[in-house]
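Report on one structure; see the data block that follows.
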Amino acid sequence: MKVHEDLDDIPGTTVFTAARSHLGFHLNQFCMSLMKPENRERFKHDEAAYLAKWPLSEAQRNAVLARDYNEMIAQGGNIYFLAKIFATDGVSFQSAAASMSGMTTEAYAQMMLHGGRSPEGQRSIREGR
Amino acid sequence: MARITAGVTTSHVPAIGAAIDQGRTETEYWAPLFAGYDWSKKWIAHERPDVVVLVYNDHASAFSLEVIPTFAIGCADQFEIADEGFGPRPVPPVIGHPDLACHLVESLILDQFDITVVNQMAVDHGLTVPLSLLFGQPDAWPVRVVPVAVNVIQFPPPTGERCYQLGRAIRRAVATYPEDLNVQVWGTGGMSHQLHGPRAGLINRTFDNAYLDDLTSDLDRLRSMAHIEYLREAGSEGIELVMWLVMRGALGDAVTPLHRFYHVPASNTAVGHLVLDATVS
């Protein structure tokens with residue numbers, strides 16, 4: 001579909017399409033389970049055992065254990081679902097976003113204080129703008 | 001008869017809720033943001049709306065990936081506060097207006113909008129942060145709320161034009177509700193932000209301010225804006241802005257801007273806030 005060519009043309013961005021929703025269904029549903037305090041405790045107590053209850057792919061499981069959010073997104077994770085993991089860890093949204101963009105929390109926070117990441121060069125890969 | 005008197009747009013960043021809940025609104029970081037809402041808090045205390053039709057998006061709180069409604073209206077008596085992973089926000093439960101909500105659902109479906117009916121759901125920061133920004137920290141919210149949840153999580157969200165037309169249909173539906181109610185419509189979310197991936201932190205001040213301008217001066221441009229333009233210009237999560245067009249459609253053709261505020265940053269996000277008067281003399 002033409003629309004997917006356009007979505008894939010945005011630098012550093014993974015748009016959460018129906019196909020990605022399908023790929024990441026169990027990963028994202030696992031994240032939803034962390035909305036209950038008792039499940040957060042069980043997850044923190046033994047992450048691997050908790051994850052074993054969910055039919056995740058090996059790549060999804062490893063990405064969660066490594067807290068590799070870019071990889072979780074590549075495996076169908078959606079940021080609002082993944083937010084339940086870093087909330088469970090006591091990590092702020094800003095720190096999580098910083099880690100995904102390859103910046104330290106401090107450098108990222110400074111960038112935001114100075115107006116955020118410029119859209120220049122961030123709009124289109126093929127058009128270089 | 002019920003009437004729509006005003007519209008409000010505001011971003012709904014979770015960190016704003018945390019700053020309020022944890023008493024950090026006066027810090028160097030947060031004070032400039034909250035100052036932008038001082039006028040609006042006084043205004044709404046004077047306006048005293050009976051009901052807010054609050055257009056927002058759920059952030060994987062009430063709706064998992066099991067069911068993803070494009071437009072959903074909450075018809076419950078009350079909506080509990082969602083636990084988003086760090087315990088529920090310490091704010092009062094949100095009181096609904098089931099009779100108006102049921103009227104809206106019936107009117108909208110018969111007016112060609114296939115609304116999902118929700119009789120039980122928790123509400124997250126998308127709905128409660130705007131309430132906190134306008135009403136502060138009361139023991140009970142001084143307004144009833146009809147939640148209108150819009151899918152902006154899984155692509156594609158409804159188009160801007162569809163959102164605008166939904167707003168127009170909400171206006172028609174409210175006008176046929178027999179009780180004399182002062183109704184406001186709020187559109188929340190935005191402005192530019194991206195929360196994931198290497199492009200996280202994107203802010204587009206030029207795009208945002210043109211959007212604020214054109215809600216009152218060039219609505220046709222916003223109504224026809226394609227998703228890809230939001231995604232490229234305003235960041236992947238900036239597409240929440242389509243929800244503002246529901247509010248704008250609900251106000252009718254002529255509006256008077258009463259208040260405007262823009263601030264960067266709130267955590268990862270550009271904050272935009274408008275108050276629009278819908279009462280035309």
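Every chain in the structure tokens has a letter given in the order shown (A, B, ...), and although residue numbers restart at 1 in each chain, ligands are simply numbered from 1 in the order shown.
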Chain B contacts on chain A, only C-alpha atoms, 6 Å, as a list in words: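 The complete set of qualifying residues is Gly12, Thr13, Phe16, Thr17, Met35, Asn70, Tyr80, Phe81, Lys84, Ala87, Thr88, Gln94, Ala97, Met100, Ser101, Met112, Gly116, Arg117 and Arg123 of chain A.
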Taking the chain letters and numbering used in this document, name the residues of chain A that DSSP puts in helix (DSSP H, G or I), as a ChimeraX atom specification. /A:2-7,18-23,25-33,37-45,47-52,58-66,69-74,79-88,93-100,105-113
Please run DSSP on the backbone and report, as a ChimeraX atom specification, all residues within range 142-219 of chain B that come out as strand (DSSP E or B). /B:144-150,182-188,193,202
Any chance you could export the current selection's N, CA, C and O atoms as a PDB file, in the first residue's frame?
ATOM      1  N   ARG B 144     -20.028  17.255  35.316  1.00  0.00           N
ATOM      2  CA  ARG B 144     -20.195  15.890  34.823  1.00  0.00           C
ATOM      3  C   ARG B 144     -19.480  15.756  33.485  1.00  0.00           C
ATOM      4  O   ARG B 144     -19.323  16.758  32.779  1.00  0.00           O
ATOM      5  N   VAL B 145     -19.087  14.560  33.178  1.00  0.00           N
ATOM      6  CA  VAL B 145     -18.262  14.350  31.978  1.00  0.00           C
ATOM      7  C   VAL B 145     -18.860  13.231  31.126  1.00  0.00           C
ATOM      8  O   VAL B 145     -19.226  12.173  31.649  1.00  0.00           O
ATOM      9  N   VAL B 146     -18.975  13.492  29.841  1.00  0.00           N
ATOM     10  CA  VAL B 146     -19.268  12.430  28.872  1.00  0.00           C
ATOM     11  C   VAL B 146     -17.971  12.155  28.122  1.00  0.00           C
ATOM     12  O   VAL B 146     -17.537  12.973  27.303  1.00  0.00           O
ATOM     13  N   PRO B 147     -17.315  11.036  28.421  1.00  0.00           N
ATOM     14  CA  PRO B 147     -16.056  10.733  27.732  1.00  0.00           C
ATOM     15  C   PRO B 147     -16.299  10.272  26.300  1.00  0.00           C
ATOM     16  O   PRO B 147     -17.144   9.407  26.059  1.00  0.00           O
ATOM     17  N   VAL B 148     -15.574  10.866  25.381  1.00  0.00           N
ATOM     18  CA  VAL B 148     -15.578  10.425  23.986  1.00  0.00           C
ATOM     19  C   VAL B 148     -14.154   9.974  23.673  1.00  0.00           C
ATOM     20  O   VAL B 148     -13.243  10.804  23.556  1.00  0.00           O
ATOM     21  N   ALA B 149     -13.971   8.660  23.598  1.00  0.00           N
ATOM     22  CA  ALA B 149     -12.628   8.113  23.377  1.00  0.00           C
ATOM     23  C   ALA B 149     -12.408   7.887  21.887  1.00  0.00           C
ATOM     24  O   ALA B 149     -13.258   7.291  21.213  1.00  0.00           O
ATOM     25  N   VAL B 150     -11.283   8.363  21.397  1.00  0.00           N
ATOM     26  CA  VAL B 150     -10.942   8.246  19.973  1.00  0.00           C
ATOM     27  C   VAL B 150      -9.677   7.402  19.853  1.00  0.00           C
ATOM     28  O   VAL B 150      -8.696   7.658  20.571  1.00  0.00           O
ATOM     29  N   ASN B 182     -25.686  23.625  30.189  1.00  0.00           N
ATOM     30  CA  ASN B 182     -24.538  24.339  29.639  1.00  0.00           C
ATOM     31  C   ASN B 182     -23.441  23.303  29.366  1.00  0.00           C
ATOM     32  O   ASN B 182     -22.863  22.742  30.297  1.00  0.00           O
ATOM     33  N   VAL B 183     -23.202  23.038  28.102  1.00  0.00           N
ATOM     34  CA  VAL B 183     -22.279  21.965  27.703  1.00  0.00           C
ATOM     35  C   VAL B 183     -21.039  22.564  27.051  1.00  0.00           C
ATOM     36  O   VAL B 183     -21.152  23.415  26.165  1.00  0.00           O
ATOM     37  N   GLN B 184     -19.891  22.120  27.487  1.00  0.00           N
ATOM     38  CA  GLN B 184     -18.645  22.455  26.786  1.00  0.00           C
ATOM     39  C   GLN B 184     -18.120  21.194  26.099  1.00  0.00           C
ATOM     40  O   GLN B 184     -18.391  20.077  26.542  1.00  0.00           O
ATOM     41  N   VAL B 185     -17.363  21.408  25.044  1.00  0.00           N
ATOM     42  CA  VAL B 185     -16.692  20.291  24.376  1.00  0.00           C
ATOM     43  C   VAL B 185     -15.191  20.562  24.418  1.00  0.00           C
ATOM     44  O   VAL B 185     -14.747  21.657  24.048  1.00  0.00           O
ATOM     45  N   TRP B 186     -14.468  19.594  24.926  1.00  0.00           N
ATOM     46  CA  TRP B 186     -13.010  19.737  25.013  1.00  0.00           C
ATOM     47  C   TRP B 186     -12.347  18.750  24.057  1.00  0.00           C
ATOM     48  O   TRP B 186     -12.742  17.590  23.977  1.00  0.00           O
ATOM     49  N   GLY B 187     -11.329  19.237  23.362  1.00  0.00           N
ATOM     50  CA  GLY B 187     -10.501  18.365  22.529  1.00  0.00           C
ATOM     51  C   GLY B 187      -9.109  18.320  23.136  1.00  0.00           C
ATOM     52  O   GLY B 187      -8.490  19.365  23.347  1.00  0.00           O
ATOM     53  N   THR B 188      -8.622  17.125  23.427  1.00  0.00           N
ATOM     54  CA  THR B 188      -7.355  17.033  24.167  1.00  0.00           C
ATOM     55  C   THR B 188      -6.293  16.294  23.357  1.00  0.00           C
ATOM     56  O   THR B 188      -6.564  15.716  22.309  1.00  0.00           O
ATOM     57  N   HIS B 193       4.673  15.940  19.397  1.00  0.00           N
ATOM     58  CA  HIS B 193       5.497  15.094  20.261  1.00  0.00           C
ATOM     59  C   HIS B 193       5.690  13.729  19.625  1.00  0.00           C
ATOM     60  O   HIS B 193       4.836  13.252  18.892  1.00  0.00           O
ATOM     61  N   LEU B 202      10.830  15.015  19.154  1.00  0.00           N
ATOM     62  CA  LEU B 202      10.568  15.971  18.079  1.00  0.00           C
ATOM     63  C   LEU B 202       9.518  17.004  18.513  1.00  0.00           C
ATOM     64  O   LEU B 202       8.487  16.649  19.078  1.00  0.00           O
TER      65      LEU B 202
END
Distance query Leu51 in chain A at most 12 Å, only C-alpha atoms, self and fewer than 2 positions along chain excluded, as a PyMOL selection string: chain A and resi 26-31+33-34+39-40+42-49+53-58+60-65
Name the residues in contact with Leu104 in chain B at a cut-off of 8 Å, using only C-alpha atoms, excluding same-chain residues fewer than 5 positions from it; report them as a list in words.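 Selected residues are Ile170, Ala173 and Val174 of chain B.
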Restricting it to N, CA and C atoms, dump the selection as a PDB file, in the first residue's frame.
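What follows is the written file selection24.pdb:
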ATOM      1  N   ILE B 170     -22.250  15.934  17.022  1.00  0.00           N
ATOM      2  CA  ILE B 170     -22.427  16.128  18.468  1.00  0.00           C
ATOM      3  C   ILE B 170     -23.203  17.429  18.715  1.00  0.00           C
ATOM      4  N   ALA B 173     -26.780  16.798  18.036  1.00  0.00           N
ATOM      5  CA  ALA B 173     -27.377  15.924  19.055  1.00  0.00           C
ATOM      6  C   ALA B 173     -27.625  16.693  20.357  1.00  0.00           C
ATOM      7  N   VAL B 174     -26.657  17.494  20.768  1.00  0.00           N
ATOM      8  CA  VAL B 174     -26.823  18.258  22.018  1.00  0.00           C
ATOM      9  C   VAL B 174     -28.009  19.202  21.892  1.00  0.00           C
TER      10      VAL B 174
END
From B:Leu100, B:Leu258, B:Val55, B:Ala250, residue lying nearest Arg171 in chain B [only C-alpha atoms]: B:Ala250
Selection: 12 Å around Ser132 in chain B, only C-alpha atoms, excl. self and same-chain fewer than 5 positions, as a ChimeraX atom specification: /B:10-14,16-21,25,34,37,40-41,89-92,94,125-127,137-143
Find the residues around Gly7 in chain B up to 12 Å (only C-alpha atoms counted), leave out those fewer than 2 positions away in its own chain, and share them as a PDB file with N, CA, C and O atoms, in the first residue's frame.
ATOM      1  N   ARG B   3     -27.188  23.323  25.279  1.00  0.00           N
ATOM      2  CA  ARG B   3     -26.466  24.118  24.287  1.00  0.00           C
ATOM      3  C   ARG B   3     -24.960  24.027  24.537  1.00  0.00           C
ATOM      4  O   ARG B   3     -24.514  23.944  25.680  1.00  0.00           O
ATOM      5  N   ILE B   4     -24.215  24.055  23.436  1.00  0.00           N
ATOM      6  CA  ILE B   4     -22.746  24.045  23.540  1.00  0.00           C
ATOM      7  C   ILE B   4     -22.280  25.490  23.569  1.00  0.00           C
ATOM      8  O   ILE B   4     -22.516  26.253  22.629  1.00  0.00           O
ATOM      9  N   THR B   5     -21.637  25.860  24.664  1.00  0.00           N
ATOM     10  CA  THR B   5     -21.289  27.267  24.871  1.00  0.00           C
ATOM     11  C   THR B   5     -19.834  27.573  24.580  1.00  0.00           C
ATOM     12  O   THR B   5     -19.510  28.726  24.274  1.00  0.00           O
ATOM     13  N   THR B   9      -9.241  23.368  24.105  1.00  0.00           N
ATOM     14  CA  THR B   9      -8.253  22.368  23.704  1.00  0.00           C
ATOM     15  C   THR B   9      -7.104  22.417  24.693  1.00  0.00           C
ATOM     16  O   THR B   9      -6.747  23.493  25.187  1.00  0.00           O
ATOM     17  N   THR B  10      -6.572  21.269  24.989  1.00  0.00           N
ATOM     18  CA  THR B  10      -5.363  21.228  25.812  1.00  0.00           C
ATOM     19  C   THR B  10      -4.639  19.910  25.614  1.00  0.00           C
ATOM     20  O   THR B  10      -5.262  18.874  25.372  1.00  0.00           O
ATOM     21  N   SER B  40      -7.718  30.471  32.377  1.00  0.00           N
ATOM     22  CA  SER B  40      -8.756  29.489  32.060  1.00  0.00           C
ATOM     23  C   SER B  40      -9.456  28.991  33.320  1.00  0.00           C
ATOM     24  O   SER B  40     -10.663  28.721  33.311  1.00  0.00           O
ATOM     25  N   ILE B  44     -13.415  29.315  33.792  1.00  0.00           N
ATOM     26  CA  ILE B  44     -14.354  28.186  33.923  1.00  0.00           C
ATOM     27  C   ILE B  44     -15.097  28.250  35.256  1.00  0.00           C
ATOM     28  O   ILE B  44     -16.241  27.790  35.353  1.00  0.00           O
ATOM     29  N   GLU B  47     -17.887  30.351  34.278  1.00  0.00           N
ATOM     30  CA  GLU B  47     -18.783  29.735  33.285  1.00  0.00           C
ATOM     31  C   GLU B  47     -19.638  28.619  33.880  1.00  0.00           C
ATOM     32  O   GLU B  47     -20.775  28.424  33.454  1.00  0.00           O
ATOM     33  N   PRO B  49     -19.848  25.204  33.599  1.00  0.00           N
ATOM     34  CA  PRO B  49     -20.563  24.277  32.717  1.00  0.00           C
ATOM     35  C   PRO B  49     -21.178  23.134  33.528  1.00  0.00           C
ATOM     36  O   PRO B  49     -20.649  22.744  34.570  1.00  0.00           O
ATOM     37  N   VAL B  51     -21.869  20.118  31.985  1.00  0.00           N
ATOM     38  CA  VAL B  51     -21.308  18.886  31.413  1.00  0.00           C
ATOM     39  C   VAL B  51     -20.156  19.253  30.483  1.00  0.00           C
ATOM     40  O   VAL B  51     -20.243  20.242  29.742  1.00  0.00           O
ATOM     41  N   VAL B  52     -19.114  18.458  30.523  1.00  0.00           N
ATOM     42  CA  VAL B  52     -18.069  18.537  29.506  1.00  0.00           C
ATOM     43  C   VAL B  52     -18.114  17.252  28.679  1.00  0.00           C
ATOM     44  O   VAL B  52     -18.036  16.144  29.238  1.00  0.00           O
ATOM     45  N   VAL B  53     -18.295  17.403  27.388  1.00  0.00           N
ATOM     46  CA  VAL B  53     -18.096  16.289  26.463  1.00  0.00           C
ATOM     47  C   VAL B  53     -16.602  16.292  26.167  1.00  0.00           C
ATOM     48  O   VAL B  53     -16.088  17.202  25.512  1.00  0.00           O
ATOM     49  N   LEU B  54     -15.905  15.307  26.734  1.00  0.00           N
ATOM     50  CA  LEU B  54     -14.443  15.377  26.766  1.00  0.00           C
ATOM     51  C   LEU B  54     -13.852  14.369  25.780  1.00  0.00           C
ATOM     52  O   LEU B  54     -13.922  13.150  26.001  1.00  0.00           O
ATOM     53  N   VAL B  55     -13.305  14.896  24.711  1.00  0.00           N
ATOM     54  CA  VAL B  55     -12.734  14.067  23.644  1.00  0.00           C
ATOM     55  C   VAL B  55     -11.273  13.811  23.983  1.00  0.00           C
ATOM     56  O   VAL B  55     -10.493  14.754  24.163  1.00  0.00           O
ATOM     57  N   GLY B 167     -17.866  16.080  15.388  1.00  0.00           N
ATOM     58  CA  GLY B 167     -18.156  17.256  16.215  1.00  0.00           C
ATOM     59  C   GLY B 167     -19.438  17.946  15.776  1.00  0.00           C
ATOM     60  O   GLY B 167     -20.267  18.334  16.609  1.00  0.00           O
ATOM     61  N   ARG B 171     -22.871  18.443  17.933  1.00  0.00           N
ATOM     62  CA  ARG B 171     -23.596  19.718  18.082  1.00  0.00           C
ATOM     63  C   ARG B 171     -25.098  19.531  17.803  1.00  0.00           C
ATOM     64  O   ARG B 171     -25.941  20.005  18.560  1.00  0.00           O
ATOM     65  N   ASN B 182     -25.686  23.625  30.189  1.00  0.00           N
ATOM     66  CA  ASN B 182     -24.538  24.339  29.639  1.00  0.00           C
ATOM     67  C   ASN B 182     -23.441  23.303  29.366  1.00  0.00           C
ATOM     68  O   ASN B 182     -22.863  22.742  30.297  1.00  0.00           O
ATOM     69  N   VAL B 183     -23.202  23.038  28.102  1.00  0.00           N
ATOM     70  CA  VAL B 183     -22.279  21.965  27.703  1.00  0.00           C
ATOM     71  C   VAL B 183     -21.039  22.564  27.051  1.00  0.00           C
ATOM     72  O   VAL B 183     -21.152  23.415  26.165  1.00  0.00           O
ATOM     73  N   GLN B 184     -19.891  22.120  27.487  1.00  0.00           N
ATOM     74  CA  GLN B 184     -18.645  22.455  26.786  1.00  0.00           C
ATOM     75  C   GLN B 184     -18.120  21.194  26.099  1.00  0.00           C
ATOM     76  O   GLN B 184     -18.391  20.077  26.542  1.00  0.00           O
ATOM     77  N   VAL B 185     -17.363  21.408  25.044  1.00  0.00           N
ATOM     78  CA  VAL B 185     -16.692  20.291  24.376  1.00  0.00           C
ATOM     79  C   VAL B 185     -15.191  20.562  24.418  1.00  0.00           C
ATOM     80  O   VAL B 185     -14.747  21.657  24.048  1.00  0.00           O
ATOM     81  N   TRP B 186     -14.468  19.594  24.926  1.00  0.00           N
ATOM     82  CA  TRP B 186     -13.010  19.737  25.013  1.00  0.00           C
ATOM     83  C   TRP B 186     -12.347  18.750  24.057  1.00  0.00           C
ATOM     84  O   TRP B 186     -12.742  17.590  23.977  1.00  0.00           O
ATOM     85  N   GLY B 187     -11.329  19.237  23.362  1.00  0.00           N
ATOM     86  CA  GLY B 187     -10.501  18.365  22.529  1.00  0.00           C
ATOM     87  C   GLY B 187      -9.109  18.320  23.136  1.00  0.00           C
ATOM     88  O   GLY B 187      -8.490  19.365  23.347  1.00  0.00           O
ATOM     89  N   THR B 188      -8.622  17.125  23.427  1.00  0.00           N
ATOM     90  CA  THR B 188      -7.355  17.033  24.167  1.00  0.00           C
ATOM     91  C   THR B 188      -6.293  16.294  23.357  1.00  0.00           C
ATOM     92  O   THR B 188      -6.564  15.716  22.309  1.00  0.00           O
ATOM     93  N   LEU B 215      -7.201  26.821  13.568  1.00  0.00           N
ATOM     94  CA  LEU B 215      -8.459  26.368  14.179  1.00  0.00           C
ATOM     95  C   LEU B 215      -9.516  27.468  14.110  1.00  0.00           C
ATOM     96  O   LEU B 215     -10.714  27.195  14.146  1.00  0.00           O
ATOM     97  N   THR B 216      -9.052  28.702  14.017  1.00  0.00           N
ATOM     98  CA  THR B 216     -10.023  29.788  13.879  1.00  0.00           C
ATOM     99  C   THR B 216      -9.915  30.512  12.537  1.00  0.00           C
ATOM    100  O   THR B 216     -10.819  31.254  12.185  1.00  0.00           O
ATOM    101  N   TRP B 244      -8.778  17.463  18.338  1.00  0.00           N
ATOM    102  CA  TRP B 244      -9.164  18.868  18.498  1.00  0.00           C
ATOM    103  C   TRP B 244     -10.245  19.243  17.482  1.00  0.00           C
ATOM    104  O   TRP B 244     -11.035  20.155  17.717  1.00  0.00           O
ATOM    105  N   LEU B 245     -10.249  18.536  16.349  1.00  0.00           N
ATOM    106  CA  LEU B 245     -11.223  18.881  15.309  1.00  0.00           C
ATOM    107  C   LEU B 245     -12.634  18.427  15.680  1.00  0.00           C
ATOM    108  O   LEU B 245     -13.604  18.983  15.167  1.00  0.00           O
ATOM    109  N   VAL B 246     -12.761  17.435  16.581  1.00  0.00           N
ATOM    110  CA  VAL B 246     -14.098  17.098  17.094  1.00  0.00           C
ATOM    111  C   VAL B 246     -14.633  18.304  17.864  1.00  0.00           C
ATOM    112  O   VAL B 246     -15.773  18.752  17.659  1.00  0.00           O
ATOM    113  N   MET B 247     -13.798  18.829  18.743  1.00  0.00           N
ATOM    114  CA  MET B 247     -14.194  20.027  19.495  1.00  0.00           C
ATOM    115  C   MET B 247     -14.577  21.156  18.545  1.00  0.00           C
ATOM    116  O   MET B 247     -15.634  21.786  18.694  1.00  0.00           O
ATOM    117  N   ARG B 248     -13.742  21.372  17.540  1.00  0.00           N
ATOM    118  CA  ARG B 248     -13.977  22.519  16.655  1.00  0.00           C
ATOM    119  C   ARG B 248     -15.273  22.354  15.867  1.00  0.00           C
ATOM    120  O   ARG B 248     -16.041  23.321  15.696  1.00  0.00           O
ATOM    121  N   GLY B 249     -15.552  21.132  15.436  1.00  0.00           N
ATOM    122  CA  GLY B 249     -16.795  20.890  14.719  1.00  0.00           C
ATOM    123  C   GLY B 249     -18.010  21.114  15.603  1.00  0.00           C
ATOM    124  O   GLY B 249     -19.061  21.564  15.137  1.00  0.00           O
ATOM    125  N   ALA B 250     -17.876  20.814  16.885  1.00  0.00           N
ATOM    126  CA  ALA B 250     -19.001  20.925  17.815  1.00  0.00           C
ATOM    127  C   ALA B 250     -19.355  22.371  18.132  1.00  0.00           C
ATOM    128  O   ALA B 250     -20.431  22.645  18.656  1.00  0.00           O
ATOM    129  N   LEU B 251     -18.447  23.289  17.825  1.00  0.00           N
ATOM    130  CA  LEU B 251     -18.703  24.690  18.204  1.00  0.00           C
ATOM    131  C   LEU B 251     -19.489  25.467  17.148  1.00  0.00           C
ATOM    132  O   LEU B 251     -19.902  26.595  17.397  1.00  0.00           O
ATOM    133  N   GLY B 252     -19.656  24.895  15.977  1.00  0.00           N
ATOM    134  CA  GLY B 252     -20.337  25.654  14.928  1.00  0.00           C
ATOM    135  C   GLY B 252     -19.359  26.486  14.134  1.00  0.00           C
ATOM    136  O   GLY B 252     -18.140  26.445  14.362  1.00  0.00           O
ATOM    137  N   ALA B 254     -18.892  29.909  13.613  1.00  0.00           N
ATOM    138  CA  ALA B 254     -18.228  31.111  14.129  1.00  0.00           C
ATOM    139  C   ALA B 254     -17.823  30.912  15.585  1.00  0.00           C
ATOM    140  O   ALA B 254     -18.629  30.466  16.406  1.00  0.00           O
ATOM    141  N   VAL B 255     -16.581  31.201  15.877  1.00  0.00           N
ATOM    142  CA  VAL B 255     -16.109  31.128  17.257  1.00  0.00           C
ATOM    143  C   VAL B 255     -15.291  32.373  17.572  1.00  0.00           C
ATOM    144  O   VAL B 255     -14.742  33.017  16.672  1.00  0.00           O
ATOM    145  N   THR B 256     -15.216  32.678  18.852  1.00  0.00           N
ATOM    146  CA  THR B 256     -14.384  33.785  19.297  1.00  0.00           C
ATOM    147  C   THR B 256     -13.273  33.231  20.185  1.00  0.00           C
ATOM    148  O   THR B 256     -13.553  32.618  21.214  1.00  0.00           O
ATOM    149  N   PRO B 257     -12.008  33.410  19.778  1.00  0.00           N
ATOM    150  CA  PRO B 257     -10.920  32.945  20.642  1.00  0.00           C
ATOM    151  C   PRO B 257     -10.820  33.818  21.894  1.00  0.00           C
ATOM    152  O   PRO B 257     -10.782  35.049  21.787  1.00  0.00           O
ATOM    153  N   LEU B 258     -10.801  33.169  23.045  1.00  0.00           N
ATOM    154  CA  LEU B 258     -10.722  33.900  24.311  1.00  0.00           C
ATOM    155  C   LEU B 258      -9.343  33.811  24.947  1.00  0.00           C
ATOM    156  O   LEU B 258      -8.934  34.715  25.662  1.00  0.00           O
ATOM    157  N   HIS B 259      -8.657  32.715  24.709  1.00  0.00           N
ATOM    158  CA  HIS B 259      -7.373  32.516  25.389  1.00  0.00           C
ATOM    159  C   HIS B 259      -6.528  31.557  24.569  1.00  0.00           C
ATOM    160  O   HIS B 259      -7.047  30.610  23.985  1.00  0.00           O
ATOM    161  N   HIS B 273      -2.920  25.213  24.212  1.00  0.00           N
ATOM    162  CA  HIS B 273      -4.179  25.373  24.951  1.00  0.00           C
ATOM    163  C   HIS B 273      -4.955  26.540  24.359  1.00  0.00           C
ATOM    164  O   HIS B 273      -4.404  27.627  24.184  1.00  0.00           O
ATOM    165  N   LEU B 274      -6.202  26.279  24.024  1.00  0.00           N
ATOM    166  CA  LEU B 274      -7.089  27.322  23.503  1.00  0.00           C
ATOM    167  C   LEU B 274      -8.409  27.280  24.254  1.00  0.00           C
ATOM    168  O   LEU B 274      -8.879  26.207  24.639  1.00  0.00           O
ATOM    169  N   VAL B 275      -8.999  28.449  24.452  1.00  0.00           N
ATOM    170  CA  VAL B 275     -10.387  28.540  24.906  1.00  0.00           C
ATOM    171  C   VAL B 275     -11.145  29.302  23.830  1.00  0.00           C
ATOM    172  O   VAL B 275     -10.739  30.407  23.447  1.00  0.00           O
ATOM    173  N   LEU B 276     -12.204  28.685  23.323  1.00  0.00           N
ATOM    174  CA  LEU B 276     -12.994  29.276  22.241  1.00  0.00           C
ATOM    175  C   LEU B 276     -14.443  29.433  22.705  1.00  0.00           C
ATOM    176  O   LEU B 276     -15.029  28.490  23.246  1.00  0.00           O
ATOM    177  N   ASP B 277     -14.987  30.593  22.464  1.00  0.00           N
ATOM    178  CA  ASP B 277     -16.383  30.857  22.805  1.00  0.00           C
ATOM    179  C   ASP B 277     -17.257  30.536  21.602  1.00  0.00           C
ATOM    180  O   ASP B 277     -16.954  30.948  20.481  1.00  0.00           O
ATOM    181  N   ALA B 278     -18.341  29.802  21.856  1.00  0.00           N
ATOM    182  CA  ALA B 278     -19.208  29.376  20.747  1.00  0.00           C
ATOM    183  C   ALA B 278     -20.497  30.176  20.667  1.00  0.00           C
ATOM    184  O   ALA B 278     -21.273  29.980  19.743  1.00  0.00           O
ATOM    185  N   THR B 279     -20.747  31.015  21.644  1.00  0.00           N
ATOM    186  CA  THR B 279     -22.026  31.716  21.651  1.00  0.00           C
ATOM    187  C   THR B 279     -21.940  32.924  20.726  1.00  0.00           C
ATOM    188  O   THR B 279     -21.137  33.834  20.919  1.00  0.00           O
TER     189      THR B 279
END
Leaving out His103 in chain B and any residue of its chain fewer than 4 positions from it, which residues lie within 12 Å of it when counting only C-alpha atoms, given as JSON, numbers by chain? {"B": [2, 73, 74, 75, 97, 98, 99, 107, 108, 109, 110, 111, 115, 117, 146, 170, 172, 173, 174, 175, 176, 177, 178, 179]}
